[in-house]
file input-v5.pdb (PDB, C-alpha atoms)
ATOM      1  CA  MET A 101       9.974  -2.088   8.967  1.00  0.00           C
ATOM      2  CA  LEU A 102       6.270  -1.622   8.306  1.00  0.00           C
ATOM      3  CA  HIS A 103       5.875  -3.407   5.013  1.00  0.00           C
ATOM      4  CA  ALA A 104       8.057  -5.487   2.752  1.00  0.00           C
ATOM      5  CA  LYS A 105       6.310  -7.603   0.154  1.00  0.00           C
ATOM      6  CA  LYS A 106       9.443  -7.598  -1.934  1.00  0.00           C
ATOM      7  CA  GLN A 107      12.390  -9.036  -0.040  1.00  0.00           C
ATOM      8  CA  ASP A 108      14.677  -6.057  -0.460  1.00  0.00           C
ATOM      9  CA  LEU A 109      12.145  -3.287   0.352  1.00  0.00           C
ATOM     10  CA  ASP A 110      11.209  -1.563   3.570  1.00  0.00           C
ATOM     11  CA  ILE A 111       8.670   1.207   3.997  1.00  0.00           C
ATOM     12  CA  GLU A 112       9.121   3.267   7.128  1.00  0.00           C
ATOM     13  CA  PRO A 113       7.970   6.582   8.529  1.00  0.00           C
ATOM     14  CA  CYS A 114      10.301   9.194   7.112  1.00  0.00           C
ATOM     15  CA  THR A 115      12.790  10.527   9.648  1.00  0.00           C
ATOM     16  CA  ILE A 116      14.993  13.591   9.704  1.00  0.00           C
ATOM     17  CA  ARG A 117      17.845  11.402   8.396  1.00  0.00           C
ATOM     18  CA  ASP A 118      15.813  10.807   5.212  1.00  0.00           C
ATOM     19  CA  TYR A 119      14.780  14.397   4.475  1.00  0.00           C
ATOM     20  CA  GLN A 120      17.763  15.295   2.297  1.00  0.00           C
ATOM     21  CA  VAL A 121      17.289  12.266   0.031  1.00  0.00           C
ATOM     22  CA  VAL A 122      13.516  12.896  -0.119  1.00  0.00           C
ATOM     23  CA  ALA A 123      14.295  16.443  -1.274  1.00  0.00           C
ATOM     24  CA  GLU A 124      16.811  15.189  -3.854  1.00  0.00           C
ATOM     25  CA  ILE A 125      14.316  12.701  -5.306  1.00  0.00           C
ATOM     26  CA  TYR A 126      11.605  15.368  -5.475  1.00  0.00           C
ATOM     27  CA  ASN A 127      14.079  17.738  -7.128  1.00  0.00           C
ATOM     28  CA  GLU A 128      14.599  15.139  -9.897  1.00  0.00           C
ATOM     29  CA  TYR A 129      10.900  15.452 -10.711  1.00  0.00           C
ATOM     30  CA  ILE A 130      10.906  19.235 -10.403  1.00  0.00           C
ATOM     31  CA  SER A 131      13.769  19.345 -12.937  1.00  0.00           C
ATOM     32  CA  ASP A 132      12.081  16.859 -15.245  1.00  0.00           C
ATOM     33  CA  GLY A 133       8.852  18.854 -15.177  1.00  0.00           C
ATOM     34  CA  ASN A 134       6.548  15.912 -15.939  1.00  0.00           C
ATOM     35  CA  ALA A 135       5.068  14.990 -12.565  1.00  0.00           C
ATOM     36  CA  THR A 136       4.725  18.031 -10.310  1.00  0.00           C
ATOM     37  CA  MET A 137       3.688  21.638 -10.703  1.00  0.00           C
ATOM     38  CA  GLU A 138       6.302  22.573  -8.113  1.00  0.00           C
ATOM     39  CA  GLU A 139       8.989  24.809  -9.586  1.00  0.00           C
ATOM     40  CA  ASN A 140      11.188  25.571  -6.573  1.00  0.00           C
ATOM     41  CA  TYR A 141      13.798  23.026  -5.543  1.00  0.00           C
ATOM     42  CA  LYS A 142      13.450  21.594  -2.055  1.00  0.00           C
ATOM     43  CA  SER A 143      15.939  21.155   0.768  1.00  0.00           C
ATOM     44  CA  ALA A 144      15.908  18.950   3.841  1.00  0.00           C
ATOM     45  CA  ALA A 145      14.612  21.975   5.767  1.00  0.00           C
ATOM     46  CA  ASP A 146      11.653  22.258   3.384  1.00  0.00           C
ATOM     47  CA  ILE A 147      10.761  18.606   3.959  1.00  0.00           C
ATOM     48  CA  ALA A 148      11.067  19.099   7.715  1.00  0.00           C
ATOM     49  CA  LYS A 149       8.599  21.989   7.457  1.00  0.00           C
ATOM     50  CA  TRP A 150       6.130  19.810   5.546  1.00  0.00           C
ATOM     51  CA  VAL A 151       6.213  17.225   8.314  1.00  0.00           C
ATOM     52  CA  ALA A 152       6.041  19.828  11.089  1.00  0.00           C
ATOM     53  CA  ASP A 153       2.900  21.259   9.478  1.00  0.00           C
ATOM     54  CA  PHE A 154       1.154  17.866   9.106  1.00  0.00           C
ATOM     55  CA  ASN A 155      -2.103  17.208  10.901  1.00  0.00           C
ATOM     56  CA  ASP A 156      -2.557  13.981  12.868  1.00  0.00           C
ATOM     57  CA  ARG A 157      -3.661  12.019   9.749  1.00  0.00           C
ATOM     58  CA  GLU A 158      -0.945  13.103   7.307  1.00  0.00           C
ATOM     59  CA  ARG A 159       2.154  11.004   6.771  1.00  0.00           C
ATOM     60  CA  LEU A 160       5.460  10.872   4.909  1.00  0.00           C
ATOM     61  CA  TYR A 161       7.100   7.493   4.306  1.00  0.00           C
ATOM     62  CA  SER A 162      10.501   6.440   3.000  1.00  0.00           C
ATOM     63  CA  LEU A 163      10.885   3.537   0.611  1.00  0.00           C
ATOM     64  CA  LYS A 164      14.192   1.819   1.262  1.00  0.00           C
ATOM     65  CA  LYS A 165      16.070  -0.786  -0.703  1.00  0.00           C
ATOM     66  CA  GLU A 166      18.938  -2.342   1.206  1.00  0.00           C
ATOM     67  CA  GLU A 167      18.609   0.512   3.734  1.00  0.00           C
ATOM     68  CA  LYS A 168      19.015   3.214   1.058  1.00  0.00           C
ATOM     69  CA  VAL A 169      16.118   5.611   0.400  1.00  0.00           C
ATOM     70  CA  ILE A 170      14.981   5.117  -3.201  1.00  0.00           C
ATOM     71  CA  GLY A 171      11.596   6.794  -2.962  1.00  0.00           C
ATOM     72  CA  TRP A 172       8.945   8.286  -0.791  1.00  0.00           C
ATOM     73  CA  GLY A 173       5.195   8.494  -0.452  1.00  0.00           C
ATOM     74  CA  ILE A 174       2.920  11.053   1.112  1.00  0.00           C
ATOM     75  CA  ILE A 175      -0.596  11.090   2.501  1.00  0.00           C
ATOM     76  CA  LYS A 176      -1.888  14.625   2.827  1.00  0.00           C
ATOM     77  CA  ARG A 177      -5.199  16.245   3.476  1.00  0.00           C
ATOM     78  CA  TYR A 178      -7.208  17.070   0.412  1.00  0.00           C
ATOM     79  CA  SER A 179      -8.561  20.250   1.974  1.00  0.00           C
ATOM     80  CA  GLU A 180      -8.606  21.955   5.343  1.00  0.00           C
ATOM     81  CA  ARG A 181     -12.408  22.222   5.129  1.00  0.00           C
ATOM     82  CA  GLY A 182     -14.099  19.851   7.567  1.00  0.00           C
ATOM     83  CA  GLY A 183     -16.407  18.240   5.045  1.00  0.00           C
ATOM     84  CA  TYR A 184     -13.361  16.798   3.262  1.00  0.00           C
ATOM     85  CA  ARG A 185     -11.961  15.138   6.411  1.00  0.00           C
ATOM     86  CA  PHE A 186     -12.360  11.642   4.891  1.00  0.00           C
ATOM     87  CA  THR A 187     -10.497  12.567   1.688  1.00  0.00           C
ATOM     88  CA  ALA A 188      -6.721  12.423   1.226  1.00  0.00           C
ATOM     89  CA  GLU A 189      -4.343  13.010  -1.635  1.00  0.00           C
ATOM     90  CA  THR A 190      -1.602  10.456  -2.160  1.00  0.00           C
ATOM     91  CA  ALA A 191       1.586  10.778  -4.175  1.00  0.00           C
ATOM     92  CA  ILE A 192       4.771   8.785  -4.584  1.00  0.00           C
ATOM     93  CA  TYR A 193       8.150   9.557  -6.099  1.00  0.00           C
ATOM     94  CA  ILE A 194      10.784   6.947  -6.932  1.00  0.00           C
ATOM     95  CA  THR A 195      14.327   7.855  -7.942  1.00  0.00           C
ATOM     96  CA  THR A 196      14.716   7.540 -11.701  1.00  0.00           C
ATOM     97  CA  GLU A 197      17.265   4.687 -11.415  1.00  0.00           C
ATOM     98  CA  GLU A 198      14.650   2.521  -9.690  1.00  0.00           C
ATOM     99  CA  LEU A 199      11.628   3.200 -11.901  1.00  0.00           C
ATOM    100  CA  ARG A 200       9.645   0.426 -13.591  1.00  0.00           C
ATOM    101  CA  LYS A 201      10.622  -2.242 -11.086  1.00  0.00           C
ATOM    102  CA  GLY A 202       7.309  -2.401  -9.224  1.00  0.00           C
ATOM    103  CA  TYR A 203       8.492  -0.309  -6.278  1.00  0.00           C
ATOM    104  CA  GLY A 204       5.974   2.456  -6.900  1.00  0.00           C
ATOM    105  CA  SER A 205       3.138  -0.061  -6.823  1.00  0.00           C
ATOM    106  CA  GLU A 206       4.398  -1.440  -3.521  1.00  0.00           C
ATOM    107  CA  MET A 207       4.488   2.056  -2.039  1.00  0.00           C
ATOM    108  CA  LYS A 208       1.044   2.975  -3.389  1.00  0.00           C
ATOM    109  CA  ARG A 209      -0.524  -0.217  -1.988  1.00  0.00           C
ATOM    110  CA  PHE A 210       1.054   0.598   1.342  1.00  0.00           C
ATOM    111  CA  LEU A 211      -0.339   4.156   1.250  1.00  0.00           C
ATOM    112  CA  ILE A 212      -3.816   2.837   0.469  1.00  0.00           C
ATOM    113  CA  ASP A 213      -3.605   0.489   3.480  1.00  0.00           C
ATOM    114  CA  GLN A 214      -2.410   3.328   5.696  1.00  0.00           C
ATOM    115  CA  CYS A 215      -5.241   5.565   4.484  1.00  0.00           C
ATOM    116  CA  ARG A 216      -7.719   2.824   5.364  1.00  0.00           C
ATOM    117  CA  ASP A 217      -6.211   2.602   8.868  1.00  0.00           C
ATOM    118  CA  LEU A 218      -6.361   6.400   9.220  1.00  0.00           C
ATOM    119  CA  GLY A 219     -10.081   6.435   8.450  1.00  0.00           C
ATOM    120  CA  TYR A 220     -10.012   7.916   4.963  1.00  0.00           C
ATOM    121  CA  HIS A 221     -12.723   6.943   2.475  1.00  0.00           C
ATOM    122  CA  HIS A 222     -11.757   8.774  -0.739  1.00  0.00           C
ATOM    123  CA  LEU A 223      -8.237   9.047  -2.162  1.00  0.00           C
ATOM    124  CA  VAL A 224      -7.206  11.453  -4.898  1.00  0.00           C
ATOM    125  CA  ALA A 225      -4.271  11.269  -7.297  1.00  0.00           C
ATOM    126  CA  LYS A 226      -3.434  14.099  -9.686  1.00  0.00           C
ATOM    127  CA  VAL A 227      -1.435  13.035 -12.746  1.00  0.00           C
ATOM    128  CA  PHE A 228      -0.168  15.016 -15.728  1.00  0.00           C
ATOM    129  CA  ALA A 229      -2.361  13.934 -18.652  1.00  0.00           C
ATOM    130  CA  HIS A 230       0.654  13.123 -20.841  1.00  0.00           C
ATOM    131  CA  ASN A 231       2.106  10.819 -18.132  1.00  0.00           C
ATOM    132  CA  GLU A 232       0.432   7.701 -19.493  1.00  0.00           C
ATOM    133  CA  ALA A 233       2.594   5.311 -17.452  1.00  0.00           C
ATOM    134  CA  SER A 234       1.482   6.902 -14.171  1.00  0.00           C
ATOM    135  CA  ILE A 235      -2.166   6.902 -15.211  1.00  0.00           C
ATOM    136  CA  LYS A 236      -1.932   3.226 -16.170  1.00  0.00           C
ATOM    137  CA  TYR A 237      -0.207   2.227 -12.936  1.00  0.00           C
ATOM    138  CA  ASN A 238      -2.819   4.034 -10.822  1.00  0.00           C
ATOM    139  CA  MET A 239      -5.612   2.316 -12.760  1.00  0.00           C
ATOM    140  CA  GLU A 240      -3.956  -1.069 -12.195  1.00  0.00           C
ATOM    141  CA  LEU A 241      -4.107  -0.334  -8.452  1.00  0.00           C
ATOM    142  CA  GLY A 242      -7.833   0.419  -8.564  1.00  0.00           C
ATOM    143  CA  TYR A 243      -7.921   4.171  -9.161  1.00  0.00           C
ATOM    144  CA  THR A 244     -10.435   5.449 -11.705  1.00  0.00           C
ATOM    145  CA  ILE A 245     -10.337   8.588 -13.817  1.00  0.00           C
ATOM    146  CA  VAL A 246     -12.973  11.113 -12.821  1.00  0.00           C
ATOM    147  CA  GLY A 247     -11.966  13.910 -15.162  1.00  0.00           C
ATOM    148  CA  THR A 248      -9.315  16.052 -16.754  1.00  0.00           C
ATOM    149  CA  GLN A 249      -8.581  19.627 -15.808  1.00  0.00           C
ATOM    150  CA  LYS A 250      -7.631  21.307 -19.075  1.00  0.00           C
ATOM    151  CA  GLU A 251      -4.694  23.723 -18.998  1.00  0.00           C
ATOM    152  CA  VAL A 252      -4.797  23.870 -15.193  1.00  0.00           C
ATOM    153  CA  GLY A 253      -1.031  24.334 -14.900  1.00  0.00           C
ATOM    154  CA  PHE A 254       1.791  25.998 -16.779  1.00  0.00           C
ATOM    155  CA  LYS A 255       5.073  24.115 -16.853  1.00  0.00           C
ATOM    156  CA  ASN A 256       8.017  24.046 -19.276  1.00  0.00           C
ATOM    157  CA  ASP A 257       6.573  26.958 -21.255  1.00  0.00           C
ATOM    158  CA  ARG A 258       3.321  25.149 -22.028  1.00  0.00           C
ATOM    159  CA  TRP A 259      -0.123  24.544 -20.573  1.00  0.00           C
ATOM    160  CA  VAL A 260      -0.544  21.223 -18.774  1.00  0.00           C
ATOM    161  CA  ASP A 261      -3.701  19.139 -18.423  1.00  0.00           C
ATOM    162  CA  VAL A 262      -4.080  17.142 -15.201  1.00  0.00           C
ATOM    163  CA  VAL A 263      -6.054  13.917 -14.863  1.00  0.00           C
ATOM    164  CA  ILE A 264      -7.887  13.563 -11.570  1.00  0.00           C
ATOM    165  CA  MET A 265      -8.127   9.996 -10.315  1.00  0.00           C
ATOM    166  CA  GLN A 266      -9.932   8.556  -7.305  1.00  0.00           C
ATOM    167  CA  TYR A 267      -9.882   5.434  -5.179  1.00  0.00           C
ATOM    168  CA  LEU A 268     -12.795   4.650  -2.875  1.00  0.00           C
ATOM    169  CA  ILE A 269     -12.010   2.688   0.264  1.00  0.00           C
ATOM    170  CA  ASN A 270     -14.858   0.400   1.350  1.00  0.00           C
TER     171      ASN A 270
END

call {"tool": "encode", "arguments": {"input": "input-v5.pdb", "output": "structure tokens"}}
result
Amino acid sequence: MLHAKKQDLDIEPCTIRDYQVVAEIYNEYISDGNATMEENYKSAADIAKWVADFNDRERLYSLKKEEKVIGWGIIKRYSERGGYRFTAETAIYITTEELRKGYGSEMKRFLIDQCRDLGYHHLVAKVFAHNEASIKYNMELGYTIVGTQKEVGFKNDRWVDVVIMQYLIN
């Protein structure tokens, strides 16, 4: 257990045992179409490939409640270009049954702490502009809006605007 502010939560490095559930949770969001531009469903093998391709400062974590994976969080490089080496993108996904219970905030705080430990300075979150709850929750955690990319994606037969948010680590 790495972190457990709430009694029933554990955040741990994701292991091969967790990959199938991570894929299933991500697939919920792919189906819903309101949080990711991804359109192809993922399998445990896809998640394993993500992790195998990570650099030494990228991470995937499982959020567990009573030892059951209910979400996951990722720290990934913003760009392969060297000048961006202190910038990471963070994202979290919580199974729909466990939304709006504060678990996403716990995971995001944990990711911010991990990014600090990994030497990152600038964190990026990309949020669908119509996902007001996600924008609000990121702002409550200290992220600020730096702009909106108009019609940057096409999902569910419509153009999607994406809000770019940042968090600066001191």

call {"tool": "closest_atom_pairs", "arguments": {"input": "input-v5.pdb", "of": "segment 193-262 of chain A", "to": "segment 145-159 of chain A", "cutoff": "12 Å", "atoms": "only C-alpha atoms", "output": "JSON lines"}}
result
{"residue": "A:Phe210", "atom": "CA", "partner": "A:Arg159", "partner_atom": "CA", "distance": 11.8}
{"residue": "A:Leu211", "atom": "CA", "partner": "A:Arg159", "partner_atom": "CA", "distance": 9.1}
{"residue": "A:Ile212", "atom": "CA", "partner": "A:Arg159", "partner_atom": "CA", "distance": 11.9}
{"residue": "A:Gln214", "atom": "CA", "partner": "A:Arg159", "partner_atom": "CA", "distance": 9.0}
{"residue": "A:Cys215", "atom": "CA", "partner": "A:Arg157", "partner_atom": "CA", "distance": 8.5}
{"residue": "A:Arg216", "atom": "CA", "partner": "A:Arg157", "partner_atom": "CA", "distance": 11.0}
{"residue": "A:Asp217", "atom": "CA", "partner": "A:Arg157", "partner_atom": "CA", "distance": 9.8}
{"residue": "A:Leu218", "atom": "CA", "partner": "A:Arg157", "partner_atom": "CA", "distance": 6.3}
{"residue": "A:Gly219", "atom": "CA", "partner": "A:Arg157", "partner_atom": "CA", "distance": 8.6}
{"residue": "A:Tyr220", "atom": "CA", "partner": "A:Arg157", "partner_atom": "CA", "distance": 8.9}

call {"tool": "closest_residue", "arguments": {"input": "input-v5.pdb", "among": "A:Lys208, A:Arg177, A:Lys250, A:Arg258", "to": "His222 of chain A", "atoms": "all atoms listed in the file"}}
result
A:Arg177

call {"tool": "closest_residue", "arguments": {"input": "input-v5.pdb", "among": "A:Tyr161, A:Tyr267, A:Tyr119, A:Tyr129", "to": "Ser143 of chain A", "atoms": "all atoms listed in the file"}}
result
A:Tyr119

call {"tool": "residues_around", "arguments": {"input": "input-v5.pdb", "residues": "Tyr141 of chain A", "least_positions_apart": "6", "cutoff": "9 Å", "atoms": "all atoms listed in the file", "output": "PyMOL selection string"}}
result
chain A and resi 123-124+126-127+130-131

call {"tool": "residues_near_point", "arguments": {"input": "input-v5.pdb", "point": "(11.2, 1.8, 4.1)", "cutoff": "10 Å", "atoms": "all atoms listed in the file", "output": "JSON, numbers by chain"}}
result
{"A": [101, 102, 103, 104, 108, 109, 110, 111, 112, 113, 114, 161, 162, 163, 164, 165, 166, 167, 168, 169, 170, 171, 172, 207]}

call {"tool": "write_last_selection", "arguments": {"input": "input-v5.pdb", "atoms": "C-alpha atoms", "output": "compact mmCIF listing (two decimals), in the frame of the given file"}}
result
# COMPACT_ATOMS: atom_id res chain seq x y z
CA MET A 101 9.97 -2.09 8.97
CA LEU A 102 6.27 -1.62 8.31
CA HIS A 103 5.88 -3.41 5.01
CA ALA A 104 8.06 -5.49 2.75
CA ASP A 108 14.68 -6.06 -0.46
CA LEU A 109 12.14 -3.29 0.35
CA ASP A 110 11.21 -1.56 3.57
CA ILE A 111 8.67 1.21 4.00
CA GLU A 112 9.12 3.27 7.13
CA PRO A 113 7.97 6.58 8.53
CA CYS A 114 10.30 9.19 7.11
CA TYR A 161 7.10 7.49 4.31
CA SER A 162 10.50 6.44 3.00
CA LEU A 163 10.88 3.54 0.61
CA LYS A 164 14.19 1.82 1.26
CA LYS A 165 16.07 -0.79 -0.70
CA GLU A 166 18.94 -2.34 1.21
CA GLU A 167 18.61 0.51 3.73
CA LYS A 168 19.02 3.21 1.06
CA VAL A 169 16.12 5.61 0.40
CA ILE A 170 14.98 5.12 -3.20
CA GLY A 171 11.60 6.79 -2.96
CA TRP A 172 8.94 8.29 -0.79
CA MET A 207 4.49 2.06 -2.04

call {"tool": "resolve_selection", "arguments": {"input": "input-v5.pdb", "expression": "the PyMOL selection byres ((chain A and resi 243) around 10)", "output": "list of chain:residue names"}}
result
A:Leu223, A:Val224, A:Ala225, A:Ile235, A:Lys236, A:Tyr237, A:Asn238, A:Met239, A:Glu240, A:Leu241, A:Gly242, A:Thr244, A:Ile245, A:Val246, A:Ile264, A:Met265, A:Gln266, A:Tyr267, A:Leu268

call {"tool": "write_last_selection", "arguments": {"input": "input-v5.pdb", "atoms": "C-alpha atoms", "output": "CSV table (one decimal), in the frame of the given file"}}
result
chain,number,residue,atom,x,y,z
A,223,LEU,CA,-8.2,9.0,-2.2
A,224,VAL,CA,-7.2,11.5,-4.9
A,225,ALA,CA,-4.3,11.3,-7.3
A,235,ILE,CA,-2.2,6.9,-15.2
A,236,LYS,CA,-1.9,3.2,-16.2
A,237,TYR,CA,-0.2,2.2,-12.9
A,238,ASN,CA,-2.8,4.0,-10.8
A,239,MET,CA,-5.6,2.3,-12.8
A,240,GLU,CA,-4.0,-1.1,-12.2
A,241,LEU,CA,-4.1,-0.3,-8.5
A,242,GLY,CA,-7.8,0.4,-8.6
A,244,THR,CA,-10.4,5.4,-11.7
A,245,ILE,CA,-10.3,8.6,-13.8
A,246,VAL,CA,-13.0,11.1,-12.8
A,264,ILE,CA,-7.9,13.6,-11.6
A,265,MET,CA,-8.1,10.0,-10.3
A,266,GLN,CA,-9.9,8.6,-7.3
A,267,TYR,CA,-9.9,5.4,-5.2
A,268,LEU,CA,-12.8,4.6,-2.9

call {"tool": "closest_residue", "arguments": {"input": "input-v5.pdb", "among": "A:Val262, A:Tyr184, A:Gly204, A:Glu139", "to": "His230 of chain A", "atoms": "all atoms listed in the file"}}
result
A:Val262

call {"tool": "atom_distance", "arguments": {"input": "input-v5.pdb", "atom1": "atom CA of Gly173 of chain A", "atom2": "atom CA of Tyr203 of chain A"}}
result
11.1 Å

call {"tool": "atom_distance", "arguments": {"input": "input-v5.pdb", "atom1": "atom CA of Trp259 of chain A", "atom2": "atom CA of Gly247 of chain A"}}
result
16.8 Å

call {"tool": "atom_distance", "arguments": {"input": "input-v5.pdb", "atom1": "atom CA of Gly253 of chain A", "atom2": "atom CA of Val227 of chain A"}}
result
11.5 Å

call {"tool": "residues_near_point", "arguments": {"input": "input-v5.pdb", "point": "(13.0, 11.3, -14.4)", "cutoff": "12 Å", "atoms": "only C-alpha atoms", "output": "PyMOL selection string"}}
result
chain A and resi 124-136+193-200+231
